[in-house]
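entry_36.pdb follows (PDB, C-alpha atoms):
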ATOM      1  CA  MET A   1     -48.239  18.689  -6.749  1.00  0.00           C
ATOM      2  CA  ASN A   2     -44.950  16.744  -6.809  1.00  0.00           C
ATOM      3  CA  ARG A   3     -43.039  20.028  -6.467  1.00  0.00           C
ATOM      4  CA  LEU A   4     -45.250  21.023  -3.507  1.00  0.00           C
ATOM      5  CA  LEU A   5     -44.545  17.659  -1.888  1.00  0.00           C
ATOM      6  CA  LYS A   6     -40.788  18.116  -2.286  1.00  0.00           C
ATOM      7  CA  ILE A   7     -40.924  21.677  -0.948  1.00  0.00           C
ATOM      8  CA  SER A   8     -43.056  20.597   2.013  1.00  0.00           C
ATOM      9  CA  THR A   9     -40.709  17.724   2.797  1.00  0.00           C
ATOM     10  CA  ALA A  10     -37.629  19.926   2.536  1.00  0.00           C
ATOM     11  CA  LEU A  11     -39.228  22.538   4.779  1.00  0.00           C
ATOM     12  CA  GLY A  12     -40.115  19.872   7.329  1.00  0.00           C
ATOM     13  CA  VAL A  13     -36.527  18.580   7.370  1.00  0.00           C
ATOM     14  CA  VAL A  14     -35.126  22.085   7.812  1.00  0.00           C
ATOM     15  CA  ILE A  15     -37.543  22.926  10.617  1.00  0.00           C
ATOM     16  CA  GLY A  16     -36.854  19.659  12.435  1.00  0.00           C
ATOM     17  CA  PHE A  17     -33.108  20.195  12.306  1.00  0.00           C
ATOM     18  CA  ALA A  18     -33.475  23.869  13.223  1.00  0.00           C
ATOM     19  CA  LEU A  19     -35.456  22.968  16.337  1.00  0.00           C
ATOM     20  CA  TYR A  20     -32.846  20.372  17.240  1.00  0.00           C
ATOM     21  CA  ALA A  21     -29.961  22.810  16.690  1.00  0.00           C
ATOM     22  CA  HIS A  22     -31.749  25.468  18.733  1.00  0.00           C
ATOM     23  CA  SER A  23     -32.160  23.146  21.707  1.00  0.00           C
ATOM     24  CA  VAL A  24     -28.529  21.994  21.493  1.00  0.00           C
ATOM     25  CA  ASN A  25     -27.257  25.586  21.255  1.00  0.00           C
ATOM     26  CA  SER A  26     -29.409  26.704  24.154  1.00  0.00           C
ATOM     27  CA  ALA A  27     -28.239  23.810  26.309  1.00  0.00           C
ATOM     28  CA  GLY A  28     -24.610  24.636  25.587  1.00  0.00           C
ATOM     29  CA  ALA A  29     -25.060  28.358  26.256  1.00  0.00           C
ATOM     30  CA  GLY A  30     -26.266  27.908  29.818  1.00  0.00           C
ATOM     31  CA  TYR A  31     -29.971  28.417  29.134  1.00  0.00           C
ATOM     32  CA  THR A  32     -32.565  26.070  30.570  1.00  0.00           C
ATOM     33  CA  THR A  33     -34.137  24.318  27.619  1.00  0.00           C
ATOM     34  CA  GLN A  34     -37.458  22.551  27.515  1.00  0.00           C
ATOM     35  CA  ALA A  35     -35.541  19.280  27.069  1.00  0.00           C
ATOM     36  CA  LYS A  36     -33.580  19.848  30.294  1.00  0.00           C
ATOM     37  CA  VAL A  37     -36.662  20.839  32.268  1.00  0.00           C
ATOM     38  CA  MET A  38     -38.661  17.873  31.051  1.00  0.00           C
ATOM     39  CA  SER A  39     -35.909  15.361  31.843  1.00  0.00           C
ATOM     40  CA  TYR A  40     -36.486  16.003  35.552  1.00  0.00           C
ATOM     41  CA  THR A  41     -40.257  15.734  35.513  1.00  0.00           C
ATOM     42  CA  THR A  42     -42.760  13.060  34.717  1.00  0.00           C
ATOM     43  CA  GLN A  43     -42.873  12.492  30.997  1.00  0.00           C
ATOM     44  CA  ALA A  44     -46.280  13.101  29.422  1.00  0.00           C
ATOM     45  CA  LYS A  45     -47.404  10.821  26.607  1.00  0.00           C
ATOM     46  CA  VAL A  46     -46.143  12.009  23.236  1.00  0.00           C
ATOM     47  CA  MET A  47     -46.311  10.797  19.639  1.00  0.00           C
ATOM     48  CA  SER A  48     -43.691   8.096  19.105  1.00  0.00           C
ATOM     49  CA  GLU A  49     -45.083   6.435  15.970  1.00  0.00           C
ATOM     50  CA  TYR A  50     -47.542   7.038  13.169  1.00  0.00           C
ATOM     51  CA  LYS A  51     -49.727   4.439  11.450  1.00  0.00           C
ATOM     52  CA  GLY A  52     -47.608   1.671  12.957  1.00  0.00           C
ATOM     53  CA  VAL A  53     -44.284   3.123  11.774  1.00  0.00           C
ATOM     54  CA  LYS A  54     -41.811   3.413  14.673  1.00  0.00           C
ATOM     55  CA  LEU A  55     -38.219   4.484  15.120  1.00  0.00           C
ATOM     56  CA  GLY A  56     -35.867   1.524  14.684  1.00  0.00           C
ATOM     57  CA  MET A  57     -38.201  -0.436  12.372  1.00  0.00           C
ATOM     58  CA  LYS A  58     -36.697  -2.154   9.361  1.00  0.00           C
ATOM     59  CA  ARG A  59     -37.471  -0.671   5.933  1.00  0.00           C
ATOM     60  CA  ASP A  60     -39.328  -3.816   4.813  1.00  0.00           C
ATOM     61  CA  ALA A  61     -41.602  -3.618   7.877  1.00  0.00           C
ATOM     62  CA  VAL A  62     -42.407   0.032   7.060  1.00  0.00           C
ATOM     63  CA  LYS A  63     -43.385  -0.902   3.512  1.00  0.00           C
ATOM     64  CA  ALA A  64     -45.493  -3.781   4.848  1.00  0.00           C
ATOM     65  CA  ALA A  65     -47.348  -1.317   7.104  1.00  0.00           C
ATOM     66  CA  MET A  66     -47.669   1.574   4.619  1.00  0.00           C
ATOM     67  CA  GLY A  67     -47.622  -0.054   1.186  1.00  0.00           C
ATOM     68  CA  THR A  68     -45.586   1.119  -1.773  1.00  0.00           C
ATOM     69  CA  PRO A  69     -43.967   4.545  -1.329  1.00  0.00           C
ATOM     70  CA  SER A  70     -44.846   7.309  -3.799  1.00  0.00           C
ATOM     71  CA  THR A  71     -41.126   8.138  -4.105  1.00  0.00           C
ATOM     72  CA  THR A  72     -38.057   6.434  -2.747  1.00  0.00           C
ATOM     73  CA  SER A  73     -34.305   6.965  -2.422  1.00  0.00           C
ATOM     74  CA  ASP A  74     -31.432   5.127  -0.759  1.00  0.00           C
ATOM     75  CA  THR A  75     -32.142   6.856   2.540  1.00  0.00           C
ATOM     76  CA  SER A  76     -35.864   7.710   2.543  1.00  0.00           C
ATOM     77  CA  ASP A  77     -39.359   6.767   1.421  1.00  0.00           C
ATOM     78  CA  ASP A  78     -42.263   9.171   0.853  1.00  0.00           C
ATOM     79  CA  PHE A  79     -45.791   7.950   1.467  1.00  0.00           C
ATOM     80  CA  SER A  80     -49.022   9.693   0.503  1.00  0.00           C
ATOM     81  CA  LEU A  81     -51.560   9.950   3.280  1.00  0.00           C
ATOM     82  CA  THR A  82     -54.994  11.572   3.022  1.00  0.00           C
ATOM     83  CA  GLY A  83     -55.273  14.306   0.358  1.00  0.00           C
ATOM     84  CA  ASP A  84     -51.994  16.241   0.101  1.00  0.00           C
ATOM     85  CA  ASP A  85     -50.741  15.022   3.494  1.00  0.00           C
ATOM     86  CA  THR A  86     -47.469  13.071   3.410  1.00  0.00           C
ATOM     87  CA  MET A  87     -45.121  11.016   5.531  1.00  0.00           C
ATOM     88  CA  THR A  88     -41.386  10.813   4.847  1.00  0.00           C
ATOM     89  CA  VAL A  89     -39.452   8.051   6.567  1.00  0.00           C
ATOM     90  CA  HIS A  90     -35.673   8.489   6.824  1.00  0.00           C
ATOM     91  CA  TYR A  91     -33.415   5.457   7.244  1.00  0.00           C
ATOM     92  CA  ASP A  92     -29.956   4.786   8.597  1.00  0.00           C
ATOM     93  CA  ASN A  93     -28.674   1.272   7.817  1.00  0.00           C
ATOM     94  CA  GLU A  94     -32.182   0.304   6.655  1.00  0.00           C
ATOM     95  CA  GLU A  95     -33.714   1.220  10.056  1.00  0.00           C
ATOM     96  CA  VAL A  96     -36.077   4.140  10.688  1.00  0.00           C
ATOM     97  CA  LYS A  97     -34.111   7.096  12.039  1.00  0.00           C
ATOM     98  CA  ALA A  98     -36.766   9.814  11.596  1.00  0.00           C
ATOM     99  CA  ILE A  99     -40.425  10.179  10.653  1.00  0.00           C
ATOM    100  CA  GLN A 100     -41.632  13.453   9.167  1.00  0.00           C
ATOM    101  CA  LEU A 101     -45.300  14.202   8.725  1.00  0.00           C
ATOM    102  CA  SER A 102     -46.728  17.047   6.678  1.00  0.00           C
ATOM    103  CA  PHE A 103     -50.405  17.912   7.060  1.00  0.00           C
ATOM    104  CA  LEU A 104     -51.715  20.466   4.573  1.00  0.00           C
ATOM    105  CA  ASP A 105     -55.303  19.958   5.737  1.00  0.00           C
ATOM    106  CA  PRO A 106     -55.725  21.192   9.334  1.00  0.00           C
ATOM    107  CA  LYS A 107     -58.532  18.670   9.913  1.00  0.00           C
ATOM    108  CA  HIS A 108     -56.080  15.781   9.475  1.00  0.00           C
ATOM    109  CA  ALA A 109     -53.376  17.038  11.852  1.00  0.00           C
ATOM    110  CA  PRO A 110     -53.337  15.491  15.333  1.00  0.00           C
ATOM    111  CA  ALA A 111     -53.886  17.657  18.403  1.00  0.00           C
ATOM    112  CA  TRP A 112     -50.798  19.332  19.863  1.00  0.00           C
ATOM    113  CA  LYS A 113     -51.139  17.505  23.201  1.00  0.00           C
ATOM    114  CA  ASP A 114     -51.194  14.178  21.322  1.00  0.00           C
ATOM    115  CA  VAL A 115     -47.907  15.094  19.617  1.00  0.00           C
ATOM    116  CA  VAL A 116     -45.790  16.855  22.265  1.00  0.00           C
ATOM    117  CA  GLY A 117     -47.767  16.227  25.460  1.00  0.00           C
ATOM    118  CA  ASP A 118     -47.352  19.069  27.905  1.00  0.00           C
ATOM    119  CA  ALA A 119     -44.385  20.719  26.140  1.00  0.00           C
ATOM    120  CA  GLU A 120     -44.374  24.506  26.092  1.00  0.00           C
ATOM    121  CA  VAL A 121     -45.663  25.992  22.834  1.00  0.00           C
ATOM    122  CA  SER A 122     -43.674  28.948  21.521  1.00  0.00           C
ATOM    123  CA  GLU A 123     -44.753  31.549  19.014  1.00  0.00           C
ATOM    124  CA  LEU A 124     -42.109  32.566  16.491  1.00  0.00           C
ATOM    125  CA  ALA A 125     -41.569  36.067  15.084  1.00  0.00           C
ATOM    126  CA  ASN A 126     -43.467  35.121  11.921  1.00  0.00           C
ATOM    127  CA  GLY A 127     -46.521  34.093  13.973  1.00  0.00           C
ATOM    128  CA  ALA A 128     -45.978  30.363  13.542  1.00  0.00           C
ATOM    129  CA  LYS A 129     -46.148  28.069  16.584  1.00  0.00           C
ATOM    130  CA  THR A 130     -43.673  25.368  17.556  1.00  0.00           C
ATOM    131  CA  ALA A 131     -43.032  22.918  20.371  1.00  0.00           C
ATOM    132  CA  ARG A 132     -40.543  20.171  21.054  1.00  0.00           C
ATOM    133  CA  LYS A 133     -40.404  17.362  23.579  1.00  0.00           C
ATOM    134  CA  THR A 134     -37.324  15.240  24.282  1.00  0.00           C
ATOM    135  CA  LEU A 135     -37.699  11.909  26.020  1.00  0.00           C
ATOM    136  CA  GLU A 136     -34.266  11.077  27.383  1.00  0.00           C
ATOM    137  CA  ALA A 137     -35.151   7.588  28.626  1.00  0.00           C
ATOM    138  CA  GLU A 138     -36.544   6.527  25.233  1.00  0.00           C
ATOM    139  CA  LYS A 139     -33.780   8.421  23.381  1.00  0.00           C
ATOM    140  CA  PHE A 140     -35.948  10.316  20.930  1.00  0.00           C
ATOM    141  CA  TRP A 141     -37.570  13.689  20.420  1.00  0.00           C
ATOM    142  CA  VAL A 142     -40.708  14.926  18.729  1.00  0.00           C
ATOM    143  CA  SER A 143     -41.455  18.402  17.431  1.00  0.00           C
ATOM    144  CA  ILE A 144     -44.408  20.155  15.854  1.00  0.00           C
ATOM    145  CA  TYR A 145     -44.538  23.335  13.778  1.00  0.00           C
ATOM    146  CA  GLN A 146     -47.649  25.078  12.501  1.00  0.00           C
ATOM    147  CA  THR A 147     -47.888  28.105  10.241  1.00  0.00           C
ATOM    148  CA  LYS A 148     -49.562  31.258  11.538  1.00  0.00           C
ATOM    149  CA  ASP A 149     -52.751  30.587   9.585  1.00  0.00           C
ATOM    150  CA  GLY A 150     -52.778  26.908  10.599  1.00  0.00           C
ATOM    151  CA  SER A 151     -52.786  25.733   6.987  1.00  0.00           C
ATOM    152  CA  SER A 152     -49.648  23.607   7.350  1.00  0.00           C
ATOM    153  CA  THR A 153     -48.512  21.425  10.233  1.00  0.00           C
ATOM    154  CA  ARG A 154     -45.178  19.570  10.312  1.00  0.00           C
ATOM    155  CA  ILE A 155     -44.287  16.888  12.820  1.00  0.00           C
ATOM    156  CA  THR A 156     -40.874  15.261  13.230  1.00  0.00           C
ATOM    157  CA  ILE A 157     -40.098  12.194  15.347  1.00  0.00           C
ATOM    158  CA  SER A 158     -36.381  11.457  15.516  1.00  0.00           C
ATOM    159  CA  ARG A 159     -33.462  10.048  17.489  1.00  0.00           C
TER
END

Conversion result in structure tokens:
Amino acid sequence: MNRLLKISTALGVVIGFALYAHSVNSAGAGYTTQAKVMSYTTQAKVMSEYKGVKLGMKRDAVKAAMGTPSTTSDTSDDFSLTGDDTMTVHYDNEEVKAIQLSFLDPKHAPAWKDVVGDAEVSELANGAKTARKTLEAEKFWVSIYQTKDGSSTRITISR
């Protein structure tokens, strides 16, 4: 179970950074990215926090909201949610820089529209679905990734 948690967390980190890199590369290559399109339209409501944990919060405030982490390091805390679902909070100078959620039970995952609002959902070659929404004014982005069979959903909220 601990190995599964580490693998799930690592996969979530990789996917979050891959989505970010993809949007940056597309923007630099002259393509119109979802982030560019959305910056000129009305921003739909998106997930900006989870269970009271928000970007910019101090580490002590996160622990007050979530309790004792199941694992901890200098730069992150892992919290167990319902069942095998997890939340990893990444810190920079003891402030929340990113929140990664991993839902292994589809019933616990929030609805796509509650995570990325009206962002366009893309299907990848492997059948998985992904979407990303950047909110320029609030200076953060949120992404969601779901496996083809829907058995795993990863959400990243980051600056």

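Evaluating the PyMOL selection byres ((chain A and resi 106) around 10) against the shown model yields Asp85, Phe103, Leu104, Asp105, Lys107, His108, Ala109, Pro110, Ala111, Gln146, Asp149, Gly150, Ser151, Ser152 and Thr153 of chain A.
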
Shell of 9 Å around region 123-127 of chain A, all atoms listed in the file, local chain residues under 3 positions omitted, as a ChimeraX atom specification
/A:130-131,147-149

Discussion item. Using all atoms listed in the file and a cutoff of 10 Å, can you tell me which residues are near (-51.3, -0.3, 11.2) in the file's coordinates, and write them out as a list in words?
Written reply: Tyr50, Lys51, Gly52, Val53, Val62, Ala64, Ala65 and Met66 of chain A

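We find CA of Ala119 (chain A) and CA of Asp92 (chain A) to be spaced 27.7 Å apart.
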
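Comparing A:Val121, A:Met47, A:Ile155, A:Ile99 by their smallest distance to Asp78 (chain A), the closest is A:Ile99 (using only C-alpha atoms).
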
Taken to one decimal, the CA of Val96 (chain A)-CA of Met57 (chain A) distance is 5.3 Å

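Shortest separation to Glu95 (chain A) among A:Val116, A:Leu81, A:Val46, A:Ala61 occurs at residue A:Ala61, atoms counted being all atoms listed in the file.
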
What separates CA of Ser76 (chain A) and CA of Glu49 (chain A) is a distance of 16.3 Å

If I put a ball of radius 6 Å at (-42.0, 16.3, 15.4) in the file's coordinates, which residues poke into it when counting all atoms listed in the file, written as a ChimeraX atom specification? /A:142-144,155-157

Save out the residues we just selected, C-alpha atoms, as a short mmCIF file (atom, residue, chain, number, x, y, z; two decimals), in the frame of the given file.
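As a result, again.cif now contains:
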data_model
loop_
_atom_site.label_atom_id
_atom_site.label_comp_id
_atom_site.auth_asym_id
_atom_site.auth_seq_id
_atom_site.Cartn_x
_atom_site.Cartn_y
_atom_site.Cartn_z
CA VAL A 142 -40.71 14.93 18.73
CA SER A 143 -41.46 18.40 17.43
CA ILE A 144 -44.41 20.16 15.85
CA ILE A 155 -44.29 16.89 12.82
CA THR A 156 -40.87 15.26 13.23
CA ILE A 157 -40.10 12.19 15.35
#

Of A:Arg59, A:Lys139, A:Lys133, A:Lys45, the one nearest to His90 (chain A) when counting only C-alpha atoms is A:Arg59

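With the shown file loaded, the PyMOL selection byres ((chain A and resi 88) around 9) picks out Thr9, Ser76, Asp77, Asp78, Phe79, Ser80, Thr86, Met87, Val89, His90, Ala98, Ile99, Gln100, Leu101 and Ser102 of chain A.
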
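Among the candidates A:Ser158, A:Thr134, A:Thr71, A:Ser122, the residue lying nearest to Tyr91 (chain A) is A:Ser158 (atoms considered: all atoms listed in the file).
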